[in-house]
Amino acid sequence: MNDLQDLELLIHSETPIIYIQSNEEKRISELVFRLGKRFGKEAFHWSVIGGLRKFEAKSAIANTENTPDSALQYVAQSKSPSITVLFDIHPYLDEPVLVRQLRELAKEHQNNKHTLILVSPHVEIPDELKMLSAFFELSLPNDEEIRAIIVKESERWGKKNNRRVQAKQEIIDAIVRNLKGLGFSDTKGIIRKLINDDGILGDDDIKDAIKAKYETLDSDGVLSFETKTVTFDQVAGLSNLKEWLNYRKKVFLSEKAPVGLDTPKGLLLLGVQGGGKSLAAKSVAGGWNIPLLRLDFAALYNKYYGETERNLRDALKTAEVMQPCVLWIDEIEKGLSTESEGGPSQRVLGTLLTWMAERDSKVFLVATANDIESLPPELLRKGRFDEIFFVDLPDHEVRSVIFKIHLNKREKPAENYDLDKLADASEGFAGAEIEQAVVASIYTSFAKDEDLTTEHILHEIKNTKPLSVLMAEKIQYLRDWAKDRTVPAD
Ligand SMILES: Nc1ncnc2c1ncn2[C@@H]1O[C@H](COP(=O)(O)OP(=O)(O)OP(=O)(O)O)[C@@H](O)[C@H]1O
Ligand SMILES: [Mg+2]
C-alpha cells in the first residue's frame with residue numbers, strides 16, 4: 001500500500017485539487033491526517049453535516065455546515081498552508097459560484113499552498129477545474145491483504161464467541177479470488193458479514209460473497225445479477241456450441257492464458273425465435289460456473305437520458321471488477337439499431353466496440369440476436385466476437401431431448417412418454433414451442449382429471465401453428481444469410 005507516498009508526490013508536485021472516487025472515508029481521513037503531519041500543514045476535513053473541522057479538534061469551525069462555500073472561504077482566508085479533505089462535494093459541483101471559488105483557491109496555490117482533496121463515490125470534474133486537478137486512485141487490497149482481513153475478522157469473531165471460525169482453505173481461496181477489486185472497507189464489511197451469520201465460511205459463502213460484491217458495485221439497474229443460470233444438461237442439442245465452450249473453459253478460467261492462446265472474449269448467438277438463444281447464453285455462466293451479469297439496454301436508455309455512454313462505461317467497468325464473469329446482452333440489435341447518425345445508439349455502439357477491442361479482462365460477452373437486418377454490420381466484423389453461432393430449429397433427436405427435459409422438469413417422468421412420436425409430430429417447432437406444448441397439455445390433463453399421456457401432448461402439438469410456418473420466409477432468409485457467415489450451434 002503506497003497510497004501515502006503517492007499522495008505525497010502529488011502534493012509535492014503542487015497539484016491544488018486532488019479527486020478521489022471512493023467511499024473509503026475512514027481510510028482517506030487517516031491518510032490526510034498523516035499527510036498533514038508529514039508536510040507540517042494544517043489538516044481539515046469537511047462534510048455537509050459535520051462542517052469544517054481540524055483533525056483532532058473537538059468542534060467544527062462555526063457556520064461551515066450545510067454548504068461548502070463558507071468552509072472554502074475559511075480555507076482561502078487562512079494564512080497557514082493546509083490540506084483539506086471534502087467529503088461528498090459532488091452535488092455542489094454544478095454551482096457556478098462554488099466552482100469559481102474552487103478555481104480561485106486553486107489558482108492561488110503557488111502563494112497559499114492550500115491543497116484540496118475531493119472525495120465522493122462519484123466524481124465528475126467541471127471543465128473549469130480540469131487543468132488544476134488530478135485524479136487519484138486508492139490502491140485496492142491484494143490477495144495477501146484480503147487474506148489478512150479474513151484472518152483478522154475471524155479472530156474478532158472467535159474472541160467474541162469463544163470458538164474458532166470454521167473454514168476450508170479452498171473456500172478461503174475462492175473468497176479471496178472473488179472479492180478482488182473492492183476497496184478495503186467494502187472487503188472488510190463483506191467478510192465480516194459472511195463470518196457473522198454462523199461462524200463458518202462454507203460453499204454458500206462463495207456465492208454470497210459474489211452477490212455482496214455485485215451489490216456494492218451496483219450500477220443502478222443497468223446491470224443485473226442473474227442468479228438463475230442453467231447447466232449444459234438442461235439445454236438440449238447445441239452440441240457444437242457446448243463443445244466450443246468446453247474446450248475454452250480451462251483457458252478462460254486460468255490465471256494467465258497459456259502462451260499462444262488468447263483469453264476467449266465472447267460469442268454472438270444468432271437464430272430463430274424461441275430456439276434457445278437466451279437459454280444457451282445463461283448456460284455459459286452455468287457451464288463455466290461463473291457469475292452471470294445481464295446488461296439491460298432499455299434501462300441504459302431510459303434512466304439516464306443524455307448520459308447513456310457514461311453509464312455504459314460504468315456498467316462495463318463494474319463487469320470488469322466482477323471478473324471472471326459472463327456479460328450477457330440479450331437481443332443486442334434492439335439496443336443498437338443505429339437509425340440516426342450520431343444518435344445515442346450510435347455512440348453506445350462506438351463505446352461498446354471500443355471496449356470489445358481494447359479490453360483485456362475475463363469478461364466473456366454473450367450477445368443474442370434474431371434480427372440480422374437491424375444488427376449493425378460493424379458488430380459482425382471479424383475479430384469482434386470469437387465466433388458467431390447460428391441456433392437453428394431443433395432436429396428430430398434434439399426435439400425428443402427437449403421433450404424429455406421439460407417433462408422431467410415438471411415431474412412427468414419422460415420414460416412414460418413416446419418421445420419419438422412427439423419429436424416426429426413437432427417438426428418445425430422451436431424449443432419454446434415444445435415447452436409450451438408440454439405445459440398446455442399438463443393443464444388440459446389436469447382440468448380433465450386425467451393422467452398426462454402422449455396423446456394429450458400430441459393433441460396440443462396438432463393445435464399449434466409454429467412460428468416456422470407463420471414466418472417461413474423470414475426463417476429461410478435468416479438461414480441463407482447465416483450459411484456462410486456463421487457456425488451451426490448444433
Ligand atoms: N435447446 C433447448 N433445450 C431445452 N429447452 C429449450 C431449448 N430451446 C428452447 N427451450 C425452452 O424454450 C424457452 C425459450 O427459449 P429462449 O428464450 O432461450 O429462446 P430464444 O432463442 O432466446 O428466443 P427469443 O428469440 O424469442 O428470445 C427456454 O427457456 C426453454 O425452456
Ligand atoms: Mg431470447
# chains A, B, ... in the order shown; residues from 1 in each chain; ligands from 1
$ closest_atom_pairs --of "chain A" --to "ligand 2" --cutoff "8 Å" --atoms "only C-alpha atoms and all ligand atoms" --output "CSV"
residue,atom,partner,partner_atom_place_in_ligand_line,distance
A:Gln273,CA,ligand 2,1 (Mg),7.1
A:Gly274,CA,ligand 2,1 (Mg),6.6
A:Gly276,CA,ligand 2,1 (Mg),6.8
A:Lys277,CA,ligand 2,1 (Mg),5.5
A:Ser278,CA,ligand 2,1 (Mg),4.1
A:Leu279,CA,ligand 2,1 (Mg),7.2
A:Asp330,CA,ligand 2,1 (Mg),6.4
A:Glu331,CA,ligand 2,1 (Mg),6.7
A:Thr368,CA,ligand 2,1 (Mg),7.0
A:Ala369,CA,ligand 2,1 (Mg),7.8
$ select_by_dssp --residues "range 84-238 of chain A" --states "strand (DSSP E or B)" --output "PyMOL selection string"
chain A and resi 84-87+114-120+133-136+166-167+200-201+223-226
$ residues_around --residues "range 404-409 of chain A" --least-positions-apart "3" --cutoff "9 Å" --atoms "only C-alpha atoms" --output "VMD selection string"
chain A and resid 233 to 236 399 to 401 412 to 415 417 419 434 to 435 438 to 439
$ write_last_selection --atoms "N, CA and C atoms" --output "PDB file, in the first residue's frame"
ATOM      1  N   ASP A 233     -26.633 -29.613 -19.204  1.00  0.00           N
ATOM      2  CA  ASP A 233     -27.575 -30.726 -19.398  1.00  0.00           C
ATOM      3  C   ASP A 233     -29.039 -30.273 -19.362  1.00  0.00           C
ATOM      4  N   GLN A 234     -29.271 -29.025 -19.043  1.00  0.00           N
ATOM      5  CA  GLN A 234     -30.647 -28.525 -19.136  1.00  0.00           C
ATOM      6  C   GLN A 234     -30.929 -27.916 -20.501  1.00  0.00           C
ATOM      7  N   VAL A 235     -29.940 -27.970 -21.358  1.00  0.00           N
ATOM      8  CA  VAL A 235     -30.092 -27.440 -22.717  1.00  0.00           C
ATOM      9  C   VAL A 235     -29.936 -28.590 -23.701  1.00  0.00           C
ATOM     10  N   ALA A 236     -30.970 -28.831 -24.496  1.00  0.00           N
ATOM     11  CA  ALA A 236     -30.876 -29.913 -25.485  1.00  0.00           C
ATOM     12  C   ALA A 236     -30.106 -29.429 -26.707  1.00  0.00           C
ATOM     13  N   ARG A 399     -35.280 -32.468 -30.584  1.00  0.00           N
ATOM     14  CA  ARG A 399     -36.657 -32.246 -30.118  1.00  0.00           C
ATOM     15  C   ARG A 399     -37.032 -33.259 -29.050  1.00  0.00           C
ATOM     16  N   SER A 400     -36.634 -34.507 -29.264  1.00  0.00           N
ATOM     17  CA  SER A 400     -37.017 -35.511 -28.270  1.00  0.00           C
ATOM     18  C   SER A 400     -36.324 -35.224 -26.932  1.00  0.00           C
ATOM     19  N   VAL A 401     -35.104 -34.707 -26.995  1.00  0.00           N
ATOM     20  CA  VAL A 401     -34.434 -34.355 -25.722  1.00  0.00           C
ATOM     21  C   VAL A 401     -35.121 -33.155 -25.064  1.00  0.00           C
ATOM     22  N   LYS A 412     -43.024 -35.212 -14.690  1.00  0.00           N
ATOM     23  CA  LYS A 412     -43.675 -36.234 -15.513  1.00  0.00           C
ATOM     24  C   LYS A 412     -42.535 -37.064 -16.102  1.00  0.00           C
ATOM     25  N   PRO A 413     -42.218 -38.220 -15.494  1.00  0.00           N
ATOM     26  CA  PRO A 413     -41.041 -38.966 -15.949  1.00  0.00           C
ATOM     27  C   PRO A 413     -41.096 -39.249 -17.448  1.00  0.00           C
ATOM     28  N   ALA A 414     -40.049 -38.822 -18.153  1.00  0.00           N
ATOM     29  CA  ALA A 414     -40.060 -38.862 -19.619  1.00  0.00           C
ATOM     30  C   ALA A 414     -40.197 -40.282 -20.152  1.00  0.00           C
ATOM     31  N   GLU A 415     -39.740 -41.296 -19.364  1.00  0.00           N
ATOM     32  CA  GLU A 415     -39.818 -42.665 -19.892  1.00  0.00           C
ATOM     33  C   GLU A 415     -41.267 -43.147 -20.061  1.00  0.00           C
ATOM     34  N   TYR A 417     -43.422 -41.609 -21.751  1.00  0.00           N
ATOM     35  CA  TYR A 417     -43.978 -40.992 -22.964  1.00  0.00           C
ATOM     36  C   TYR A 417     -43.220 -41.432 -24.200  1.00  0.00           C
ATOM     37  N   LEU A 419     -41.354 -40.428 -26.818  1.00  0.00           N
ATOM     38  CA  LEU A 419     -40.612 -39.231 -27.234  1.00  0.00           C
ATOM     39  C   LEU A 419     -40.401 -39.193 -28.744  1.00  0.00           C
ATOM     40  N   ILE A 434     -42.135 -26.246 -28.032  1.00  0.00           N
ATOM     41  CA  ILE A 434     -42.224 -27.583 -27.447  1.00  0.00           C
ATOM     42  C   ILE A 434     -42.546 -27.461 -25.952  1.00  0.00           C
ATOM     43  N   GLU A 435     -41.833 -26.565 -25.299  1.00  0.00           N
ATOM     44  CA  GLU A 435     -42.086 -26.355 -23.879  1.00  0.00           C
ATOM     45  C   GLU A 435     -43.552 -25.946 -23.673  1.00  0.00           C
ATOM     46  N   VAL A 438     -45.908 -28.856 -23.912  1.00  0.00           N
ATOM     47  CA  VAL A 438     -45.871 -29.687 -22.699  1.00  0.00           C
ATOM     48  C   VAL A 438     -46.703 -29.026 -21.598  1.00  0.00           C
ATOM     49  N   VAL A 439     -46.456 -27.746 -21.394  1.00  0.00           N
ATOM     50  CA  VAL A 439     -47.163 -27.028 -20.329  1.00  0.00           C
ATOM     51  C   VAL A 439     -48.676 -27.052 -20.574  1.00  0.00           C
TER      52      VAL A 439
END
$ closest_residue --among "A:Ala447, A:Leu478, A:Ala440, A:Ala430" --to "ligand 1" --atoms "only C-alpha atoms and all ligand atoms"
A:Ala430
$ atom_distance --atom1 "CA of Leu292 in chain A" --atom2 "CA of Ala437 in chain A"
29.0 Å
